[in-house]
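Raw contents of data.txt, compact mmCIF, C-alpha atoms:
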```
# COMPACT_ATOMS: atom_id res chain seq x y z
CA MET A 15 0.00 0.00 0.00
CA ALA A 16 1.39 3.42 -0.97
CA THR A 17 2.30 5.90 1.70
CA SER A 18 3.55 9.46 2.06
CA VAL A 19 6.94 10.60 3.35
CA GLN A 20 7.67 13.85 5.13
CA VAL A 21 11.20 14.94 5.99
CA SER A 22 11.39 18.03 8.21
CA GLY A 23 14.49 20.06 9.04
CA LEU A 24 16.91 17.16 8.70
CA HIS A 25 20.55 17.72 9.65
CA LYS A 26 23.29 15.11 9.40
CA SER A 27 27.04 15.57 9.73
CA PHE A 28 30.03 13.29 9.48
CA PRO A 29 33.51 14.30 10.72
CA GLY A 30 34.38 17.45 8.76
CA VAL A 31 31.37 17.17 6.46
CA LYS A 32 27.85 18.62 6.71
CA ALA A 33 25.99 15.99 4.64
CA LEU A 34 22.43 17.28 5.16
CA ASP A 35 21.66 20.91 5.94
CA ASP A 36 18.07 21.61 7.02
CA VAL A 37 16.52 19.27 4.43
CA SER A 38 12.72 19.29 4.16
CA ILE A 39 10.78 17.42 1.47
CA THR A 40 7.36 15.83 1.10
CA VAL A 41 6.77 12.75 -1.06
CA ASN A 42 3.15 12.04 -1.93
CA GLU A 43 1.43 8.67 -1.90
CA GLY A 44 2.22 6.60 -4.98
CA GLU A 45 4.72 9.14 -6.27
CA PHE A 46 7.99 8.37 -8.05
CA PHE A 47 10.23 10.96 -6.39
CA THR A 48 13.87 11.41 -7.39
CA LEU A 49 16.81 12.83 -5.45
CA LEU A 50 19.18 14.27 -8.05
CA GLY A 51 22.57 15.85 -7.69
CA PRO A 52 26.33 15.46 -8.12
CA SER A 53 28.46 13.05 -6.11
CA GLY A 54 28.72 14.13 -2.49
CA CYS A 55 25.60 16.31 -2.54
CA GLY A 56 23.84 14.33 0.22
CA LYS A 57 21.24 12.41 -1.79
CA THR A 58 22.39 8.93 -0.72
CA THR A 59 22.81 10.11 2.87
CA LEU A 60 19.20 11.32 2.82
CA LEU A 61 17.98 8.02 1.37
CA ARG A 62 19.90 5.97 3.94
CA THR A 63 18.63 8.18 6.74
CA ILE A 64 15.05 7.55 5.62
CA ALA A 65 15.87 3.83 5.55
CA GLY A 66 17.27 4.00 9.09
CA PHE A 67 20.87 3.08 8.24
CA TYR A 68 21.93 6.54 9.46
CA ARG A 69 20.46 8.48 12.36
CA GLN A 70 19.95 12.19 11.77
CA ASP A 71 21.48 14.74 14.14
CA SER A 72 18.20 16.67 14.24
CA GLY A 73 14.90 16.88 12.41
CA HIS A 74 12.17 14.32 11.85
CA ILE A 75 11.07 11.68 9.34
CA GLN A 76 7.44 10.65 8.99
CA VAL A 77 6.18 7.78 6.87
CA GLY A 78 2.42 7.55 6.55
CA GLY A 79 2.08 10.16 9.29
CA GLU A 80 4.15 8.06 11.73
CA ILE A 81 7.38 9.53 13.11
CA ILE A 82 10.05 6.85 12.61
CA ASP A 83 13.10 8.67 13.98
CA THR A 84 13.91 5.92 16.51
CA VAL A 85 12.42 2.95 14.65
CA PRO A 86 15.14 0.43 13.63
CA PRO A 87 15.57 -0.23 9.89
CA HIS A 88 14.01 -3.70 9.90
CA ARG A 89 10.83 -2.33 11.47
CA ARG A 90 10.28 0.59 9.07
CA ASP A 91 8.53 -1.55 6.44
CA ILE A 92 10.76 -0.16 3.71
CA GLY A 93 12.15 -2.00 0.70
CA MET A 94 15.65 -1.07 -0.48
CA VAL A 95 17.32 -1.62 -3.86
CA PHE A 96 21.08 -1.06 -3.85
CA GLN A 97 23.57 0.14 -6.44
CA ASN A 98 25.66 -3.04 -6.27
CA TYR A 99 22.64 -5.43 -6.52
CA ALA A 100 23.37 -6.84 -3.00
CA VAL A 101 22.20 -10.35 -3.94
CA PHE A 102 23.53 -13.29 -1.94
CA PRO A 103 25.96 -15.18 -4.22
CA HIS A 104 25.47 -18.54 -2.47
CA MET A 105 21.66 -18.46 -2.82
CA THR A 106 19.46 -19.19 -5.80
CA VAL A 107 17.20 -16.53 -7.27
CA GLU A 108 14.25 -18.04 -5.41
CA GLN A 109 16.13 -18.08 -2.10
CA ASN A 110 17.30 -14.50 -2.55
CA VAL A 111 13.77 -13.24 -3.14
CA ALA A 112 12.34 -15.32 -0.28
CA PHE A 113 14.93 -14.12 2.23
CA GLY A 114 12.95 -11.18 3.63
CA LEU A 115 9.76 -13.19 3.89
CA LYS A 116 11.47 -15.94 5.90
CA ASN A 117 12.82 -13.34 8.32
CA ARG A 118 9.25 -12.14 8.75
CA LYS A 119 8.08 -15.68 9.57
CA VAL A 120 5.71 -15.84 6.61
CA SER A 121 4.29 -19.33 6.00
CA GLY A 122 5.93 -21.56 3.39
CA ASP A 123 2.87 -21.59 1.15
CA GLN A 124 2.62 -17.80 1.18
CA ILE A 125 6.34 -17.48 0.50
CA ARG A 126 6.05 -19.64 -2.63
CA LYS A 127 3.07 -17.66 -3.92
CA ARG A 128 4.59 -14.24 -3.26
CA VAL A 129 8.00 -15.17 -4.66
CA ALA A 130 6.39 -16.53 -7.83
CA LYS A 131 4.36 -13.33 -8.24
CA ALA A 132 7.40 -11.10 -7.66
CA LEU A 133 9.51 -13.02 -10.18
CA GLU A 134 6.70 -12.83 -12.71
CA THR A 135 6.49 -9.07 -12.20
CA VAL A 136 10.22 -8.61 -12.93
CA ARG A 137 10.09 -11.17 -15.77
CA LEU A 138 12.32 -13.78 -14.12
CA THR A 139 9.93 -16.72 -14.07
CA GLY A 140 11.98 -19.81 -14.95
CA TYR A 141 15.14 -18.46 -13.32
CA GLU A 142 14.24 -19.63 -9.82
CA GLN A 143 17.09 -22.15 -9.43
CA ARG A 144 19.85 -20.09 -11.00
CA THR A 145 22.56 -18.49 -8.89
CA PRO A 146 23.70 -14.86 -9.34
CA ASP A 147 26.82 -15.89 -11.28
CA GLN A 148 24.50 -17.34 -13.94
CA LEU A 149 22.69 -14.01 -14.41
CA SER A 150 23.47 -10.82 -16.31
CA GLY A 151 23.81 -7.51 -14.47
CA GLY A 152 20.30 -6.49 -15.45
CA GLN A 153 18.89 -9.81 -14.24
CA GLN A 154 20.70 -9.47 -10.92
CA GLN A 155 19.26 -5.99 -10.50
CA ARG A 156 15.78 -7.40 -11.16
CA VAL A 157 16.40 -9.99 -8.43
CA GLY A 158 17.23 -7.13 -6.05
CA LEU A 159 14.07 -5.34 -7.11
CA ALA A 160 11.94 -8.49 -6.63
CA ARG A 161 13.43 -9.04 -3.16
CA ALA A 162 12.56 -5.47 -2.16
CA MET A 163 9.03 -5.75 -3.60
CA VAL A 164 8.09 -9.18 -2.27
CA ILE A 165 7.82 -7.95 1.32
CA GLU A 166 5.14 -5.54 0.04
CA PRO A 167 6.74 -2.47 1.64
CA ARG A 168 4.88 0.76 2.10
CA LEU A 169 7.90 2.58 0.66
CA LEU A 170 10.51 1.59 -1.93
CA LEU A 171 13.96 3.22 -1.85
CA LEU A 172 16.34 2.84 -4.79
CA ASP A 173 19.98 3.93 -4.47
CA GLU A 174 21.43 4.49 -7.98
CA PRO A 175 20.26 0.98 -9.00
CA LEU A 176 21.30 1.36 -12.66
CA SER A 177 24.76 2.91 -12.33
CA ASN A 178 26.60 -0.40 -12.83
CA LEU A 179 24.75 -1.28 -16.04
CA ASP A 180 25.77 -0.45 -19.60
CA ALA A 181 24.06 2.46 -21.36
CA LYS A 182 21.57 0.44 -23.41
CA LEU A 183 20.55 -1.73 -20.47
CA ARG A 184 20.09 1.36 -18.31
CA LEU A 185 17.52 2.71 -20.76
CA HIS A 186 15.64 -0.59 -20.71
CA MET A 187 15.79 -1.05 -16.93
CA ARG A 188 14.63 2.45 -16.06
CA GLU A 189 11.45 1.81 -18.04
CA GLU A 190 11.00 -1.54 -16.32
CA ILE A 191 11.43 -0.03 -12.86
CA LEU A 192 8.91 2.69 -13.61
CA ASP A 193 6.42 0.20 -15.08
CA ILE A 194 6.73 -2.02 -11.98
CA GLN A 195 6.32 0.92 -9.61
CA ARG A 196 3.24 2.11 -11.50
CA ALA A 197 1.73 -1.39 -11.51
CA LEU A 198 2.24 -1.84 -7.77
CA GLY A 199 1.25 1.72 -6.87
CA THR A 200 4.13 1.86 -4.39
CA THR A 201 5.66 5.16 -3.29
CA ALA A 202 9.27 5.27 -4.53
CA VAL A 203 12.25 7.48 -3.70
CA TYR A 204 15.02 7.12 -6.26
CA VAL A 205 18.60 8.40 -6.13
CA THR A 206 20.55 9.23 -9.28
CA HIS A 207 23.17 11.64 -10.62
CA ASP A 208 21.91 11.11 -14.19
CA GLN A 209 19.88 14.18 -15.21
CA GLU A 210 18.21 12.54 -18.22
CA GLU A 211 17.22 9.53 -16.13
CA ALA A 212 15.63 11.79 -13.53
CA LEU A 213 13.69 13.79 -16.13
CA VAL A 214 12.35 10.63 -17.80
CA ILE A 215 11.13 8.62 -14.81
CA SER A 216 10.15 11.14 -12.13
CA ASP A 217 6.86 12.60 -11.05
CA ARG A 218 8.87 15.18 -9.13
CA ILE A 219 12.56 15.83 -8.54
CA ALA A 220 14.53 17.30 -5.64
CA VAL A 221 17.83 18.76 -6.88
CA MET A 222 20.49 18.76 -4.16
CA ASN A 223 23.92 20.34 -3.76
CA PHE A 224 26.19 20.49 -0.71
CA GLY A 225 23.52 18.92 1.49
CA VAL A 226 20.90 21.52 0.58
CA VAL A 227 17.73 21.00 -1.46
CA GLN A 228 18.00 23.59 -4.23
CA GLN A 229 14.61 23.03 -5.85
CA VAL A 230 11.70 20.58 -5.84
CA GLY A 231 9.44 20.37 -8.86
CA THR A 232 8.17 18.42 -11.82
CA PRO A 233 10.69 17.59 -14.57
CA TRP A 234 9.26 20.48 -16.63
CA GLU A 235 9.61 22.94 -13.76
CA ILE A 236 13.16 21.83 -12.96
CA TYR A 237 14.28 22.12 -16.59
CA ARG A 238 12.30 25.15 -17.76
CA GLU A 239 11.91 27.15 -14.55
CA PRO A 240 15.15 26.62 -12.56
CA VAL A 241 15.31 28.71 -9.39
CA ASN A 242 19.06 29.26 -9.57
CA GLU A 243 22.07 28.92 -11.82
CA PHE A 244 23.17 25.62 -10.25
CA VAL A 245 19.90 23.89 -11.12
CA ALA A 246 19.92 25.40 -14.61
CA GLY A 247 23.45 24.22 -15.30
CA PHE A 248 23.24 20.81 -13.64
CA VAL A 249 19.99 19.70 -15.24
CA GLY A 250 20.88 19.91 -18.91
CA SER A 251 23.32 22.23 -20.69
CA MET A 252 23.21 26.01 -20.49
CA ASN A 253 24.96 28.85 -22.31
CA ALA A 254 25.88 31.61 -19.86
CA LEU A 255 26.91 35.12 -20.93
CA ASN A 256 27.89 38.02 -18.74
CA GLY A 257 25.14 40.60 -19.12
CA ALA A 258 27.46 43.33 -20.34
CA ASP A 259 28.97 40.99 -22.94
CA ALA A 260 25.50 39.83 -23.98
CA LEU A 261 24.57 43.44 -24.70
CA SER A 262 27.75 44.31 -26.58
CA MET A 263 27.44 41.19 -28.74
CA SER A 264 23.73 41.56 -29.39
CA ALA A 265 22.08 42.67 -32.61
CA SER A 266 18.93 43.56 -30.61
CA HIS A 267 20.43 45.83 -28.00
CA LYS A 268 17.31 47.81 -27.07
CA GLU A 269 15.06 44.76 -26.85
CA LEU A 270 17.55 42.92 -24.64
CA VAL A 271 17.94 45.96 -22.37
CA ALA A 272 14.16 45.97 -21.87
CA ARG A 273 14.29 42.31 -20.80
CA LEU A 274 17.12 42.66 -18.30
CA PRO A 275 16.07 42.88 -14.63
CA ALA A 276 15.31 46.55 -13.90
CA GLY A 277 17.88 48.51 -11.96
CA ARG A 278 20.56 45.85 -12.24
CA ASP A 279 24.06 46.50 -13.50
CA PRO A 280 24.25 44.24 -16.59
CA SER A 281 27.73 43.08 -15.57
CA ALA A 282 26.18 41.64 -12.37
CA VAL A 283 23.68 39.56 -14.38
CA LYS A 284 24.19 36.34 -16.29
CA VAL A 285 22.14 35.88 -19.46
CA CYS A 286 21.54 32.18 -20.13
CA PHE A 287 19.80 30.00 -22.70
CA ARG A 288 19.55 26.32 -23.55
CA PRO A 289 21.60 25.01 -26.52
CA GLU A 290 18.44 23.67 -28.18
CA ASP A 291 16.53 26.96 -27.87
CA VAL A 292 18.24 28.59 -30.86
CA ARG A 293 18.13 28.95 -34.63
CA LEU A 294 21.41 28.57 -36.44
CA SER A 295 22.06 30.42 -39.68
CA ARG A 296 25.00 30.83 -42.03
CA ALA A 297 24.17 34.45 -42.85
CA GLU A 298 24.01 37.43 -40.53
CA GLU A 299 20.32 37.73 -41.19
CA ASP A 300 18.12 40.40 -39.70
CA VAL A 301 16.37 39.36 -36.54
CA ARG A 302 12.90 40.13 -35.27
CA LYS A 303 12.37 42.38 -32.25
CA SER A 304 11.55 39.27 -30.25
CA GLU A 305 14.99 37.75 -30.95
CA VAL A 306 18.64 38.31 -30.17
CA ARG A 307 21.54 37.31 -32.42
CA TYR A 308 25.14 36.38 -31.66
CA THR A 309 27.66 35.71 -34.42
CA GLY A 310 30.81 33.63 -34.40
CA THR A 311 32.92 30.92 -36.00
CA VAL A 312 32.29 27.18 -35.77
CA GLN A 313 35.14 25.65 -33.75
CA LYS A 314 33.72 22.13 -33.44
CA ALA A 315 30.92 20.22 -35.17
CA MET A 316 29.97 16.88 -33.55
CA PHE A 317 27.50 14.81 -35.59
CA LEU A 318 25.13 12.70 -33.46
CA GLY A 319 22.92 11.15 -36.14
CA GLY A 320 19.73 13.04 -35.38
CA GLY A 321 21.51 16.33 -34.95
CA VAL A 322 24.78 18.18 -34.47
CA ILE A 323 26.40 19.82 -31.45
CA TYR A 324 28.28 22.95 -32.49
CA ARG A 325 30.76 24.98 -30.48
CA ILE A 326 30.62 28.58 -31.70
CA ASP A 327 33.46 30.96 -30.85
CA THR A 328 32.07 34.49 -30.64
CA GLY A 329 35.55 36.01 -30.45
CA LYS A 330 34.69 37.79 -27.20
CA ARG A 331 35.82 35.28 -24.62
CA GLN A 332 32.53 33.43 -25.09
CA MET A 333 32.01 29.95 -26.51
CA LEU A 334 28.38 29.05 -27.28
CA THR A 335 27.01 25.52 -27.52
CA VAL A 336 24.22 24.86 -30.02
CA HIS A 337 22.18 21.68 -30.52
CA ALA A 338 20.91 21.77 -34.10
CA TYR A 339 18.56 19.19 -35.64
CA ILE A 340 19.53 18.68 -39.25
CA ALA A 341 16.96 17.69 -41.88
CA ASP A 342 19.28 17.83 -44.88
CA ARG A 343 23.02 17.45 -45.46
CA SER A 344 23.16 20.90 -47.03
CA GLU A 345 22.34 22.39 -43.63
CA LEU A 346 25.54 21.09 -42.04
CA LEU A 347 28.13 23.66 -41.01
CA ALA A 348 31.85 22.92 -41.11
CA GLU A 349 34.61 24.08 -38.80
CA GLU A 350 35.64 27.69 -39.49
CA ASP A 351 32.24 28.51 -41.05
CA ARG A 352 30.68 31.75 -39.87
CA ALA A 353 27.37 31.29 -38.08
CA SER A 354 24.60 33.31 -36.46
CA VAL A 355 23.07 32.02 -33.22
CA ILE A 356 19.53 33.42 -32.95
CA VAL A 357 17.62 33.14 -29.68
CA SER A 358 14.06 34.12 -28.93
CA LEU A 359 14.07 36.63 -26.07
CA ASP A 360 11.43 34.65 -24.19
CA LYS A 361 13.91 31.74 -23.94
CA LEU A 362 16.46 33.81 -22.02
CA LEU A 363 16.98 33.19 -18.30
CA PHE A 364 18.64 35.72 -15.99
CA PHE A 365 20.67 34.94 -12.87
CA ASP A 366 22.46 37.00 -10.26
CA SER A 367 26.20 36.72 -11.02
CA GLU A 368 27.09 36.73 -7.33
CA ASN A 369 24.68 34.29 -5.64
CA GLY A 370 23.24 32.52 -8.71
CA ASP A 371 19.60 33.28 -7.85
CA ARG A 372 17.06 33.50 -10.66
CA LEU A 373 16.11 37.04 -11.67
CA ARG A 374 12.90 37.90 -13.46
CA GLU A 375 13.07 39.95 -16.63
CA GLY A 376 12.13 43.61 -16.38
CA VAL A 377 11.57 43.31 -12.62
```
Rendering of file as structure tokens:
Amino acid sequence: MATSVQVSGLHKSFPGVKALDDVSITVNEGEFFTLLGPSGCGKTTLLRTIAGFYRQDSGHIQVGGEIIDTVPPHRRDIGMVFQNYAVFPHMTVEQNVAFGLKNRKVSGDQIRKRVAKALETVRLTGYEQRTPDQLSGGQQQRVGLARAMVIEPRLLLLDEPLSNLDAKLRLHMREEILDIQRALGTTAVYVTHDQEEALVISDRIAVMNFGVVQQVGTPWEIYREPVNEFVAGFVGSMNALNGADALSMSASHKELVARLPAGRDPSAVKVCFRPEDVRLSRAEEDVRKSEVRYTGTVQKAMFLGGGVIYRIDTGKRQMLTVHAYIADRSELLAEEDRASVIVSLDKLLFFDSENGDRLREGV
């Protein structure tokens, strides 16, 4: 049965390291909630504190409205899927999945039924008598998932479960995990440092850095409405120009001035835009009032099949990245070609150069 999770004012330190700094999040019933951030940001510490493997220095954790601060891990009714699979090498698949049920003194008949159902859910029926050394990495991870699910936990925690898999298998497994979570209706908290993975599978995301939750929101909100420069740059790519440089390079000076936050020194503002939010042109064409243009020389052109990543040197200490989707070979630009990077003004984001906070245009 799905449950909610509420973390309030959580602090956790290790010698010389503040791992969690006043962390507060709410996870709704049945939600797939992701903790996203770089290595060392505190996301795994938060997950393990919810699981009970760590004890917070202060703050509270509630699951289903129950405060579980002093409840030992094995009594929290939480399933955990680990990064390194954590399957027992000397046990068969069936024995691995049944392990938690035996510890809970479930009857033999119920164990057989629940193990069979769990293995069917993760598509491992027929593998019951195999040992982990006879399984692929993806199959071992599915055993770990089945073992966490079979106890029918009220909450499922997943600690970077796909990081040891190859790229193609990761894509397949993240869909499987999401499908299983949706089918069971279980509340899930998932840890990853992979931005694309988080955007694809999450209902909501908490972006963390240095033990602090920077922003909580839907994938769209995190990507399109970042609250600060860290979130904008970590979740996807971002071109960042100093405001004064952006003005001096612009072919729409007056329009850009009108968009800049009122009363701010342009040199104290960063003007940012996503690499895919541009038009790329060979000619220095005129731009509409709703657009801004930057010109430069192609330094690199990296063909990706469906598109090209260009690095454009503006000649003013600024290198722009552009993701262009190419429909015809004639559209390809070569290194040393001149190019115009045209951005719609409504795609520009503004950040305070000093503290990185989001600034609103014209405000």
Using all atoms of segment 20-29 of chain A that appear in the file, construct an axis-aligned enclosing box with 5 Å of padding on every side and provide its centre coordinates and edge lengths in Å, rounded to one decimal, as lines of an AutoDock Vina configuration file.
```
center_x = 20.6
center_y = 16.7
center_z = 7.9
size_x = 35.8
size_y = 16.8
size_z = 15.6
```
**Q.** Pick from A:Arg372, A:Val95, A:Thr201, A:Leu255, whichever lies nearest to Thr40 of chain A using only C-alpha atoms
**A.**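 Nearest to Thr40 of chain A: A:Thr201.
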Q. What does the distance from atom CA of Ile194 of chain A to atom CA of Val21 of chain A come to in Å, to one decimal?
A. 25.1 Å
Near-segment 240-253 of chain A list (8 Å; only C-alpha atoms; drop same-chain fewer than 6 positions) as an mmCIF file with C-alpha atoms, in the frame of the given file:
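Produced file out-v6.cif, reproduced below:
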```
data_model
loop_
_atom_site.group_PDB
_atom_site.id
_atom_site.type_symbol
_atom_site.label_atom_id
_atom_site.label_comp_id
_atom_site.auth_asym_id
_atom_site.auth_seq_id
_atom_site.Cartn_x
_atom_site.Cartn_y
_atom_site.Cartn_z
ATOM 1 C CA GLY A 51 22.570 15.850 -7.690
ATOM 2 C CA GLN A 209 19.880 14.180 -15.210
ATOM 3 C CA GLU A 210 18.210 12.540 -18.220
ATOM 4 C CA VAL A 221 17.830 18.760 -6.880
ATOM 5 C CA GLN A 228 18.000 23.590 -4.230
ATOM 6 C CA GLN A 229 14.610 23.030 -5.850
ATOM 7 C CA CYS A 286 21.540 32.180 -20.130
ATOM 8 C CA PHE A 287 19.800 30.000 -22.700
ATOM 9 C CA ARG A 288 19.550 26.320 -23.550
ATOM 10 C CA PRO A 289 21.600 25.010 -26.520
ATOM 11 C CA LEU A 334 28.380 29.050 -27.280
ATOM 12 C CA THR A 335 27.010 25.520 -27.520
ATOM 13 C CA PHE A 365 20.670 34.940 -12.870
ATOM 14 C CA GLY A 370 23.240 32.520 -8.710
ATOM 15 C CA ASP A 371 19.600 33.280 -7.850
ATOM 16 C CA ARG A 372 17.060 33.500 -10.660
#
```
Spatial neighbours of Lys314 of chain A, max dist 8 Å, all atoms listed in the file, sep filter under 4 positions, as a PDB file with C-alpha atoms, in the coordinates of the input:
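The resulting file, selection-v3.pdb, is reproduced below:
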```
ATOM      1  CA  ILE A 323      26.400  19.820 -31.450  1.00  0.00           C
ATOM      2  CA  TYR A 324      28.280  22.950 -32.490  1.00  0.00           C
ATOM      3  CA  ARG A 325      30.760  24.980 -30.480  1.00  0.00           C
ATOM      4  CA  ILE A 326      30.620  28.580 -31.700  1.00  0.00           C
ATOM      5  CA  ALA A 348      31.850  22.920 -41.110  1.00  0.00           C
ATOM      6  CA  GLU A 349      34.610  24.080 -38.800  1.00  0.00           C
TER       7      GLU A 349
END
```
(Q) Counting all atoms listed in the file, which residue out of A:Asn223, A:Ser367, A:Asn98, A:Gln143 sits closest to Ala33 of chain A? (A)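 Using all atoms listed in the file, the shortest distance to Ala33 of chain A belongs to A:Asn223.
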Q) Which distance in Å separates atom CA of Arg188 of chain A and atom CA of Pro233 of chain A, to one decimal? A) 15.7 Å
Q) Can you tell me how far atom CA of Gln70 of chain A sits from atom CA of Gly54 of chain A, in Å to one decimal? A)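 Computing it gives 16.9 Å between the two atoms.
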Q | Distance query 9 Å from (22.4, 39.8, -26.2) using only C-alpha atoms, result as a PyMOL selection string | A | chain A and resi 255+257-267+269-271+285+306-308+357+359
Could you write out the selected residues, including C-alpha atoms, as an mmCIF file, in the frame of the given file?
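Listing of part_34.cif after writing:
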```cif
data_model
loop_
_atom_site.group_PDB
_atom_site.id
_atom_site.type_symbol
_atom_site.label_atom_id
_atom_site.label_comp_id
_atom_site.auth_asym_id
_atom_site.auth_seq_id
_atom_site.Cartn_x
_atom_site.Cartn_y
_atom_site.Cartn_z
ATOM 1 C CA LEU A 255 26.910 35.120 -20.930
ATOM 2 C CA GLY A 257 25.140 40.600 -19.120
ATOM 3 C CA ALA A 258 27.460 43.330 -20.340
ATOM 4 C CA ASP A 259 28.970 40.990 -22.940
ATOM 5 C CA ALA A 260 25.500 39.830 -23.980
ATOM 6 C CA LEU A 261 24.570 43.440 -24.700
ATOM 7 C CA SER A 262 27.750 44.310 -26.580
ATOM 8 C CA MET A 263 27.440 41.190 -28.740
ATOM 9 C CA SER A 264 23.730 41.560 -29.390
ATOM 10 C CA ALA A 265 22.080 42.670 -32.610
ATOM 11 C CA SER A 266 18.930 43.560 -30.610
ATOM 12 C CA HIS A 267 20.430 45.830 -28.000
ATOM 13 C CA GLU A 269 15.060 44.760 -26.850
ATOM 14 C CA LEU A 270 17.550 42.920 -24.640
ATOM 15 C CA VAL A 271 17.940 45.960 -22.370
ATOM 16 C CA VAL A 285 22.140 35.880 -19.460
ATOM 17 C CA VAL A 306 18.640 38.310 -30.170
ATOM 18 C CA ARG A 307 21.540 37.310 -32.420
ATOM 19 C CA TYR A 308 25.140 36.380 -31.660
ATOM 20 C CA VAL A 357 17.620 33.140 -29.680
ATOM 21 C CA LEU A 359 14.070 36.630 -26.070
#
```
Q) Neighbours of Lys32 of chain A within 8 Å (all atoms listed in the file; same-chain residues fewer than 5 positions away dropped), as a list in words? A) His25, Lys26, Ser27, Phe224 and Gly225 of chain A
Q: Give the answer as one residue: which of A:Arg90, A:Asp180, A:Phe96, A:Leu169 has the shortest atom-to-atom distance to Glu43 of chain A, using all atoms listed in the file?
A: A:Leu169
Q.
When you count all atoms listed in the file, which of these residues is closest to Leu179 of chain A: A:Gln97, A:Val230, A:Leu138, A:Leu49?
A.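 Selected residue with least distance to Leu179 of chain A: A:Gln97.
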Q) Near Ala297 of chain A, counting only C-alpha atoms, which residues have an atom at most 8 Å away, once you skip same-chain residues fewer than 5 positions from it, shown as a PyMOL selection string? A) chain A and resi 352-354
Can you complete the atoms of segment 327-342 of chain A to N, CA and C atoms and list them as a PDB file, keeping the file's coordinate frame?
```pdb
ATOM      1  N   ASP A 327      32.593  29.972 -31.478  1.00  0.00           N
ATOM      2  CA  ASP A 327      33.460  30.960 -30.850  1.00  0.00           C
ATOM      3  C   ASP A 327      33.027  32.357 -31.278  1.00  0.00           C
ATOM      4  N   THR A 328      32.561  33.143 -30.317  1.00  0.00           N
ATOM      5  CA  THR A 328      32.070  34.490 -30.640  1.00  0.00           C
ATOM      6  C   THR A 328      33.213  35.502 -30.761  1.00  0.00           C
ATOM      7  N   GLY A 329      34.418  35.100 -30.378  1.00  0.00           N
ATOM      8  CA  GLY A 329      35.550  36.010 -30.450  1.00  0.00           C
ATOM      9  C   GLY A 329      35.620  36.997 -29.315  1.00  0.00           C
ATOM     10  N   LYS A 330      34.720  36.863 -28.346  1.00  0.00           N
ATOM     11  CA  LYS A 330      34.690  37.790 -27.200  1.00  0.00           C
ATOM     12  C   LYS A 330      34.702  37.018 -25.890  1.00  0.00           C
ATOM     13  N   ARG A 331      35.637  36.103 -25.824  1.00  0.00           N
ATOM     14  CA  ARG A 331      35.820  35.280 -24.620  1.00  0.00           C
ATOM     15  C   ARG A 331      34.595  34.423 -24.313  1.00  0.00           C
ATOM     16  N   GLN A 332      33.741  34.207 -25.301  1.00  0.00           N
ATOM     17  CA  GLN A 332      32.530  33.430 -25.090  1.00  0.00           C
ATOM     18  C   GLN A 332      32.445  32.311 -26.124  1.00  0.00           C
ATOM     19  N   MET A 333      32.232  31.095 -25.640  1.00  0.00           N
ATOM     20  CA  MET A 333      32.010  29.950 -26.510  1.00  0.00           C
ATOM     21  C   MET A 333      30.579  29.490 -26.297  1.00  0.00           C
ATOM     22  N   LEU A 334      29.782  29.465 -27.369  1.00  0.00           N
ATOM     23  CA  LEU A 334      28.380  29.050 -27.280  1.00  0.00           C
ATOM     24  C   LEU A 334      28.237  27.615 -27.762  1.00  0.00           C
ATOM     25  N   THR A 335      27.346  26.883 -27.099  1.00  0.00           N
ATOM     26  CA  THR A 335      27.010  25.520 -27.520  1.00  0.00           C
ATOM     27  C   THR A 335      25.624  25.534 -28.141  1.00  0.00           C
ATOM     28  N   VAL A 336      25.496  24.903 -29.299  1.00  0.00           N
ATOM     29  CA  VAL A 336      24.220  24.860 -30.020  1.00  0.00           C
ATOM     30  C   VAL A 336      23.904  23.412 -30.377  1.00  0.00           C
ATOM     31  N   HIS A 337      22.673  22.985 -30.084  1.00  0.00           N
ATOM     32  CA  HIS A 337      22.180  21.680 -30.520  1.00  0.00           C
ATOM     33  C   HIS A 337      21.260  21.921 -31.713  1.00  0.00           C
ATOM     34  N   ALA A 338      21.693  21.530 -32.880  1.00  0.00           N
ATOM     35  CA  ALA A 338      20.910  21.770 -34.100  1.00  0.00           C
ATOM     36  C   ALA A 338      20.428  20.438 -34.662  1.00  0.00           C
ATOM     37  N   TYR A 339      19.151  20.384 -35.015  1.00  0.00           N
ATOM     38  CA  TYR A 339      18.560  19.190 -35.640  1.00  0.00           C
ATOM     39  C   TYR A 339      18.565  19.397 -37.148  1.00  0.00           C
ATOM     40  N   ILE A 340      19.248  18.520 -37.825  1.00  0.00           N
ATOM     41  CA  ILE A 340      19.530  18.680 -39.250  1.00  0.00           C
ATOM     42  C   ILE A 340      18.599  17.805 -40.075  1.00  0.00           C
ATOM     43  N   ALA A 341      17.870  18.435 -41.001  1.00  0.00           N
ATOM     44  CA  ALA A 341      16.960  17.690 -41.880  1.00  0.00           C
ATOM     45  C   ALA A 341      17.611  17.319 -43.200  1.00  0.00           C
ATOM     46  N   ASP A 342      18.651  18.071 -43.590  1.00  0.00           N
ATOM     47  CA  ASP A 342      19.280  17.830 -44.880  1.00  0.00           C
ATOM     48  C   ASP A 342      20.779  18.087 -44.756  1.00  0.00           C
TER      49      ASP A 342
END
```
